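Here is the file run-v2.txt (compact mmCIF, C-alpha atoms).
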```txt
# COMPACT_ATOMS: atom_id res chain seq x y z
CA MET P 240 19.34 -10.43 -106.62
CA ILE P 241 16.07 -9.46 -108.11
CA ALA P 242 15.08 -13.03 -107.97
CA ASN P 243 15.83 -12.96 -104.27
CA LEU P 244 13.67 -9.91 -103.81
CA VAL P 245 10.73 -11.49 -105.61
CA GLN P 246 11.07 -14.56 -103.52
CA LEU P 247 11.14 -12.41 -100.39
CA ALA P 248 8.04 -10.54 -101.46
CA ALA P 249 6.23 -13.82 -102.07
CA GLU P 250 7.25 -15.02 -98.66
CA GLU P 251 6.07 -11.80 -97.13
CA GLU P 252 2.52 -12.61 -98.03
CA GLN P 253 2.72 -15.80 -95.99
CA SER P 254 4.23 -14.15 -92.85
CA PRO P 255 4.09 -16.28 -89.72
CA LEU P 256 3.13 -13.22 -87.72
CA VAL P 257 -0.11 -12.65 -89.60
CA PRO P 258 -2.30 -15.76 -89.58
CA PRO P 259 -4.58 -16.61 -92.45
CA GLY P 260 -8.16 -15.24 -92.30
CA PRO P 261 -10.04 -18.45 -91.33
CA GLU P 262 -7.59 -19.18 -88.50
CA LEU P 263 -8.00 -15.63 -87.28
CA LEU P 264 -11.79 -16.04 -87.25
CA VAL P 265 -11.64 -19.39 -85.37
CA GLY P 266 -9.15 -17.87 -82.88
CA ALA P 267 -11.42 -14.85 -82.28
CA ILE P 268 -14.47 -17.12 -81.69
CA ALA P 269 -12.46 -19.35 -79.32
CA PHE P 270 -11.23 -16.23 -77.46
CA ALA P 271 -14.82 -14.98 -77.19
CA ILE P 272 -16.00 -18.34 -75.78
CA VAL P 273 -13.16 -18.46 -73.24
CA PHE P 274 -13.72 -14.79 -72.36
CA PHE P 275 -17.49 -15.42 -71.95
CA PHE P 276 -16.78 -18.49 -69.76
CA PHE P 277 -14.36 -16.48 -67.59
CA TRP P 278 -16.77 -13.56 -67.42
CA LYS P 279 -19.82 -15.64 -66.45
CA LYS P 280 -18.31 -18.42 -64.36
CA LEU P 281 -14.89 -17.53 -62.99
CA LEU P 282 -15.13 -13.76 -62.61
CA PRO P 283 -18.09 -13.89 -60.15
CA ASN P 284 -16.34 -16.59 -58.13
CA ILE P 285 -13.11 -14.59 -58.12
CA ASN P 286 -15.02 -11.43 -57.16
CA LYS P 287 -16.87 -13.36 -54.45
CA VAL P 288 -13.61 -14.69 -53.00
CA LEU P 289 -12.03 -11.22 -53.21
CA GLU P 290 -15.09 -9.68 -51.49
CA GLU P 291 -14.96 -12.32 -48.73
CA ARG P 292 -11.28 -11.60 -48.23
CA ARG P 293 -11.93 -7.84 -48.17
CA GLU P 294 -14.73 -8.34 -45.62
CA ALA P 295 -12.53 -10.64 -43.55
CA ILE P 296 -9.71 -8.12 -43.64
CA GLU P 297 -12.05 -5.24 -42.79
CA GLY P 298 -13.68 -7.36 -40.06
CA GLY P 299 -10.25 -8.20 -38.71
CA ILE P 300 -9.30 -4.53 -38.77
CA GLU P 301 -12.56 -3.63 -37.00
CA LYS P 302 -11.98 -6.39 -34.46
CA ALA P 303 -8.41 -5.20 -33.96
CA GLU P 304 -9.62 -1.63 -33.52
CA ALA P 305 -12.29 -2.81 -31.06
CA ALA P 306 -9.71 -4.88 -29.20
CA GLN P 307 -7.35 -1.91 -29.14
CA THR P 308 -10.13 0.35 -27.85
CA GLU P 309 -11.01 -2.23 -25.20
CA ALA P 310 -7.35 -2.64 -24.27
CA GLN P 311 -7.03 1.13 -23.97
CA SER P 312 -10.08 1.31 -21.69
CA VAL P 313 -8.74 -1.57 -19.59
CA LEU P 314 -5.40 0.22 -19.39
CA GLU P 315 -7.14 3.41 -18.24
CA GLN P 316 -9.10 1.42 -15.64
CA TYR P 317 -5.88 -0.24 -14.49
CA LYS P 318 -4.15 3.13 -14.20
CA ALA P 319 -7.13 4.52 -12.27
CA GLN P 320 -7.14 1.50 -9.94
CA LEU P 321 -3.40 1.79 -9.50
CA ALA P 322 -3.69 5.47 -8.65
CA GLU P 323 -6.53 4.69 -6.24
CA ALA P 324 -4.49 1.89 -4.65
CA ARG P 325 -1.53 4.24 -4.23
CA HIS P 326 -3.80 6.86 -2.70
CA GLU P 327 -5.31 4.24 -0.37
CA ALA P 328 -1.82 3.01 0.61
CA ALA P 329 -0.74 6.58 1.38
CA ARG P 330 -3.90 7.10 3.44
CA LEU P 331 -3.33 3.84 5.34
CA ARG P 332 0.31 4.76 5.91
CA GLN P 333 -0.79 8.17 7.25
CA GLU P 334 -3.39 6.52 9.51
CA ALA P 335 -0.77 4.06 10.77
CA GLN P 336 1.60 6.93 11.55
CA GLU P 337 -1.17 8.78 13.37
CA GLN P 338 -2.14 5.65 15.29
CA GLY P 339 1.52 5.04 16.10
CA ALA P 340 1.90 8.60 17.38
CA THR P 341 -1.32 8.24 19.41
CA LEU P 342 -0.14 4.89 20.78
CA ILE P 343 3.25 6.37 21.71
CA ALA P 344 1.53 9.29 23.45
CA GLU P 345 -0.76 6.88 25.31
CA MET P 346 2.19 4.70 26.33
CA ARG P 347 4.10 7.77 27.53
CA ALA P 348 1.07 8.91 29.52
CA GLU P 349 0.65 5.42 30.97
CA GLY P 350 4.38 5.29 31.80
CA GLN P 351 4.16 8.73 33.43
CA ARG P 352 1.11 7.63 35.43
CA GLN P 353 2.84 4.42 36.54
CA ARG P 354 5.96 6.40 37.43
CA GLU P 355 3.87 8.80 39.49
CA GLU P 356 2.13 5.86 41.19
CA ILE P 357 5.50 4.28 41.97
CA VAL P 358 6.88 7.58 43.25
CA ALA P 359 3.72 8.14 45.34
CA ALA P 360 3.93 4.59 46.70
CA GLY P 361 7.62 5.17 47.46
CA HIS P 362 6.83 8.42 49.25
CA ALA P 363 4.06 6.69 51.21
CA GLN P 364 6.42 3.85 52.10
CA ILE P 365 9.12 6.33 53.14
CA GLU P 366 6.59 8.24 55.23
CA ALA P 367 5.36 5.01 56.85
CA ASP P 368 8.96 3.94 57.49
CA ARG P 369 9.77 7.40 58.89
CA LYS P 370 6.76 7.25 61.21
CA ALA P 371 7.66 3.71 62.30
CA ALA P 372 11.27 4.79 62.87
CA ALA P 373 10.10 7.87 64.77
CA GLN P 374 7.79 5.73 66.91
CA SER P 375 10.55 3.22 67.57
CA LEU P 376 12.99 6.01 68.27
CA ARG P 377 10.46 7.70 70.53
CA GLN P 378 10.08 4.50 72.54
CA ASP P 379 13.83 3.91 72.71
CA VAL P 380 14.57 7.52 73.63
CA GLY P 381 11.73 7.47 76.15
CA GLN P 382 13.08 4.33 77.76
CA LEU P 383 16.59 5.73 77.86
CA ALA P 384 15.32 9.09 79.20
CA THR P 385 13.28 7.32 81.89
CA ASP P 386 16.24 5.20 82.92
CA LEU P 387 18.49 8.24 82.98
CA ALA P 388 15.95 10.31 84.91
CA GLY P 389 15.48 7.46 87.35
CA LYS P 390 19.25 7.33 87.95
CA LEU P 391 19.43 11.09 88.36
CA VAL P 392 16.45 11.34 90.63
CA GLY P 393 17.41 8.27 92.49
CA GLU P 394 14.07 6.63 92.35
CA SER P 395 12.61 4.34 89.80
CA LEU P 396 10.06 5.73 87.44
CA GLU P 397 8.23 2.48 86.95
CA ASP P 398 4.78 3.88 86.51
CA SER P 399 4.05 3.36 82.80
CA ALA P 400 1.37 5.97 82.47
CA ARG P 401 3.45 8.64 84.08
CA GLN P 402 6.50 7.52 82.20
CA SER P 403 4.61 7.62 78.90
CA ARG P 404 3.24 11.13 79.60
CA THR P 405 6.66 12.42 80.56
CA ILE P 406 8.29 10.99 77.47
CA ASP P 407 5.58 12.30 75.17
CA ARG P 408 5.81 15.76 76.71
CA PHE P 409 9.61 15.74 76.38
CA LEU P 410 9.56 14.60 72.75
CA ASP P 411 6.81 17.05 71.83
CA GLU P 412 8.94 19.86 73.24
CA LEU P 413 11.90 18.61 71.19
CA GLU P 414 9.81 18.49 67.99
CA GLU P 415 8.50 22.03 68.60
CA LYS P 416 12.09 23.29 69.04
CA ALA P 417 13.15 21.45 65.84
CA GLU P 418 10.28 22.94 63.84
CA ALA P 419 10.95 26.41 65.21
CA ALA P 420 14.59 26.08 64.17
CA ARG P 421 13.61 25.41 60.54
```

What do you get writing this file as structure tokens?
Amino acid sequence: MIANLVQLAAEEEQSPLVPPGPELLVGAIAFAIVFFFFWKKLLPNINKVLEERREAIEGGIEKAEAAQTEAQSVLEQYKAQLAEARHEAARLRQEAQEQGATLIAEMRAEGQRQREEIVAAGHAQIEADRKAAAQSLRQDVGQLATDLAGKLVGESLEDSARQSRTIDRFLDELEEKAEAAR
């Protein structure tokens, strides 16, 4: 067993985890060269690419913020235009209602005027017809009265002027009695 321990101790000096001194020195120099190469050549390129990406991202964020601000202003303009259009539509609707009411009032007035004209024309026609009927009746009654008077008197009342005066006087007396009775 002691022999095993001595052998283990001898092997411990040559541990695979701890490299020999010259290999350690060559490894450290190689690491320094690789580190220097990375530090001088690759690190600036990596930083440059990272900076470009950061600027692109920040620029994109700024553009997005600007686009959002612009979209918000456009939305506000749209809402203002929409409110103005609604107000204009309400005003036009009110004007149309007022014009409609005015038009209806004008049409009613025109209809009333036409009705009054028709009624006045009807009254004038009735009055003209009444006068024509009265004139015709006056002539017929006058003729009948003259014929009757001629039969009663026994002589013919052929004289037109006298006959006309007699008839007119008779009818005027009848009209006066009719008006007095009213």

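Note that atom CA of Gln382 of chain P and atom CA of Glu412 of chain P are 16.7 Å apart.
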
Could you give me, as a tab-separated table, every segment 291-397 of chain P residue with an atom at most 10 Å from segment 402-410 of chain P, plus its closest atom pair and distance in Å to one decimal, counting only C-alpha atoms, rows ordered by chain then number?
```
residue	atom	partner	partner_atom	distance
P:Arg377	CA	P:Leu410	CA	7.3
P:Gln378	CA	P:Ile406	CA	8.3
P:Val380	CA	P:Ile406	CA	8.1
P:Gly381	CA	P:Ile406	CA	5.1
P:Gln382	CA	P:Ile406	CA	8.2
P:Leu383	CA	P:Ile406	CA	9.8
P:Ala384	CA	P:Ile406	CA	7.5
P:Thr385	CA	P:Gln402	CA	6.8
P:Leu396	CA	P:Gln402	CA	6.6
P:Glu397	CA	P:Gln402	CA	7.1
```

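The interatomic distance for the pair atom CA of Glu291 of chain P and atom CA of Gln307 of chain P works out to 23.5 Å.
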
Student task, segment 293-330 of chain P output with N, CA and C atoms as an mmCIF file, in the first residue's frame:
```cif
data_model
loop_
_atom_site.group_PDB
_atom_site.id
_atom_site.type_symbol
_atom_site.label_atom_id
_atom_site.label_comp_id
_atom_site.auth_asym_id
_atom_site.auth_seq_id
_atom_site.Cartn_x
_atom_site.Cartn_y
_atom_site.Cartn_z
ATOM 1 N N ARG P 293 -27.692 50.139 -32.638
ATOM 2 C CA ARG P 293 -28.307 50.990 -31.620
ATOM 3 C C ARG P 293 -28.877 52.251 -32.267
ATOM 4 N N GLU P 294 -28.083 52.862 -33.176
ATOM 5 C CA GLU P 294 -28.567 54.066 -33.864
ATOM 6 C C GLU P 294 -29.782 53.750 -34.741
ATOM 7 N N ALA P 295 -29.732 52.600 -35.413
ATOM 8 C CA ALA P 295 -30.874 52.216 -36.249
ATOM 9 C C ALA P 295 -32.113 51.987 -35.391
ATOM 10 N N ILE P 296 -31.917 51.347 -34.254
ATOM 11 C CA ILE P 296 -33.052 51.101 -33.361
ATOM 12 C C ILE P 296 -33.574 52.416 -32.806
ATOM 13 N N GLU P 297 -32.654 53.282 -32.348
ATOM 14 C CA GLU P 297 -33.079 54.584 -31.829
ATOM 15 C C GLU P 297 -33.729 55.422 -32.924
ATOM 16 N N GLY P 298 -33.145 55.378 -34.142
ATOM 17 C CA GLY P 298 -33.752 56.101 -35.271
ATOM 18 C C GLY P 298 -35.128 55.552 -35.593
ATOM 19 N N GLY P 299 -35.253 54.241 -35.536
ATOM 20 C CA GLY P 299 -36.563 53.623 -35.776
ATOM 21 C C GLY P 299 -37.555 54.026 -34.714
ATOM 22 N N ILE P 300 -37.080 54.077 -33.458
ATOM 23 C CA ILE P 300 -37.969 54.494 -32.367
ATOM 24 C C ILE P 300 -38.367 55.952 -32.564
ATOM 25 N N GLU P 301 -37.397 56.803 -32.932
ATOM 26 C CA GLU P 301 -37.709 58.215 -33.176
ATOM 27 C C GLU P 301 -38.679 58.362 -34.347
ATOM 28 N N LYS P 302 -38.425 57.583 -35.402
ATOM 29 C CA LYS P 302 -39.343 57.628 -36.553
ATOM 30 C C LYS P 302 -40.727 57.153 -36.151
ATOM 31 N N ALA P 303 -40.775 56.097 -35.339
ATOM 32 C CA ALA P 303 -42.072 55.586 -34.891
ATOM 33 C C ALA P 303 -42.783 56.615 -34.015
ATOM 34 N N GLU P 304 -42.012 57.288 -33.138
ATOM 35 C CA GLU P 304 -42.606 58.320 -32.311
ATOM 36 C C GLU P 304 -43.101 59.488 -33.171
ATOM 37 N N ALA P 305 -42.290 59.871 -34.163
ATOM 38 C CA ALA P 305 -42.701 60.950 -35.075
ATOM 39 C C ALA P 305 -43.939 60.542 -35.860
ATOM 40 N N ALA P 306 -43.957 59.294 -36.333
ATOM 41 C CA ALA P 306 -45.125 58.808 -37.073
ATOM 42 C C ALA P 306 -46.347 58.753 -36.166
ATOM 43 N N GLN P 307 -46.138 58.358 -34.912
ATOM 44 C CA GLN P 307 -47.255 58.311 -33.973
ATOM 45 C C GLN P 307 -47.754 59.718 -33.672
ATOM 46 N N THR P 308 -46.842 60.664 -33.514
ATOM 47 C CA THR P 308 -47.233 62.059 -33.283
ATOM 48 C C THR P 308 -47.994 62.602 -34.489
ATOM 49 N N GLU P 309 -47.479 62.303 -35.681
ATOM 50 C CA GLU P 309 -48.157 62.751 -36.905
ATOM 51 C C GLU P 309 -49.526 62.097 -37.035
ATOM 52 N N ALA P 310 -49.592 60.809 -36.723
ATOM 53 C CA ALA P 310 -50.880 60.111 -36.792
ATOM 54 C C ALA P 310 -51.856 60.700 -35.783
ATOM 55 N N GLN P 311 -51.360 61.054 -34.614
ATOM 56 C CA GLN P 311 -52.228 61.668 -33.603
ATOM 57 C C GLN P 311 -52.739 63.017 -34.083
ATOM 58 N N SER P 312 -51.858 63.818 -34.709
ATOM 59 C CA SER P 312 -52.303 65.121 -35.211
ATOM 60 C C SER P 312 -53.297 64.948 -36.360
ATOM 61 N N VAL P 313 -53.049 63.972 -37.217
ATOM 62 C CA VAL P 313 -53.994 63.704 -38.310
ATOM 63 C C VAL P 313 -55.334 63.250 -37.746
ATOM 64 N N LEU P 314 -55.285 62.427 -36.696
ATOM 65 C CA LEU P 314 -56.513 61.972 -36.051
ATOM 66 C C LEU P 314 -57.271 63.157 -35.455
ATOM 67 N N GLU P 315 -56.554 64.066 -34.813
ATOM 68 C CA GLU P 315 -57.200 65.257 -34.250
ATOM 69 C C GLU P 315 -57.806 66.114 -35.366
ATOM 70 N N GLN P 316 -57.074 66.277 -36.468
ATOM 71 C CA GLN P 316 -57.609 67.032 -37.608
ATOM 72 C C GLN P 316 -58.861 66.349 -38.158
ATOM 73 N N TYR P 317 -58.801 65.030 -38.268
ATOM 74 C CA TYR P 317 -59.951 64.270 -38.769
ATOM 75 C C TYR P 317 -61.153 64.459 -37.859
ATOM 76 N N LYS P 318 -60.896 64.367 -36.535
ATOM 77 C CA LYS P 318 -62.002 64.551 -35.593
ATOM 78 C C LYS P 318 -62.563 65.956 -35.691
ATOM 79 N N ALA P 319 -61.676 66.954 -35.847
ATOM 80 C CA ALA P 319 -62.142 68.341 -35.980
ATOM 81 C C ALA P 319 -62.952 68.504 -37.262
ATOM 82 N N GLN P 320 -62.471 67.928 -38.362
ATOM 83 C CA GLN P 320 -63.204 68.009 -39.629
ATOM 84 C C GLN P 320 -64.533 67.285 -39.515
ATOM 85 N N LEU P 321 -64.540 66.155 -38.849
ATOM 86 C CA LEU P 321 -65.772 65.397 -38.676
ATOM 87 C C LEU P 321 -66.779 66.191 -37.848
ATOM 88 N N ALA P 322 -66.296 66.822 -36.782
ATOM 89 C CA ALA P 322 -67.184 67.642 -35.960
ATOM 90 C C ALA P 322 -67.705 68.825 -36.770
ATOM 91 N N GLU P 323 -66.821 69.430 -37.566
ATOM 92 C CA GLU P 323 -67.234 70.562 -38.406
ATOM 93 C C GLU P 323 -68.251 70.107 -39.457
ATOM 94 N N ALA P 324 -68.021 68.932 -40.042
ATOM 95 C CA ALA P 324 -68.955 68.408 -41.035
ATOM 96 C C ALA P 324 -70.310 68.110 -40.390
ATOM 97 N N ARG P 325 -70.303 67.582 -39.183
ATOM 98 C CA ARG P 325 -71.563 67.320 -38.483
ATOM 99 C C ARG P 325 -72.287 68.627 -38.183
ATOM 100 N N HIS P 326 -71.510 69.621 -37.758
ATOM 101 C CA HIS P 326 -72.108 70.930 -37.472
ATOM 102 C C HIS P 326 -72.692 71.532 -38.754
ATOM 103 N N GLU P 327 -71.939 71.423 -39.846
ATOM 104 C CA GLU P 327 -72.411 71.953 -41.137
ATOM 105 C C GLU P 327 -73.668 71.212 -41.591
ATOM 106 N N ALA P 328 -73.690 69.887 -41.402
ATOM 107 C CA ALA P 328 -74.870 69.097 -41.786
ATOM 108 C C ALA P 328 -76.079 69.511 -40.953
ATOM 109 N N ALA P 329 -75.863 69.742 -39.667
ATOM 110 C CA ALA P 329 -76.975 70.176 -38.810
ATOM 111 C C ALA P 329 -77.461 71.558 -39.247
ATOM 112 N N ARG P 330 -76.512 72.443 -39.594
ATOM 113 C CA ARG P 330 -76.898 73.781 -40.052
ATOM 114 C C ARG P 330 -77.674 73.694 -41.367
#
```
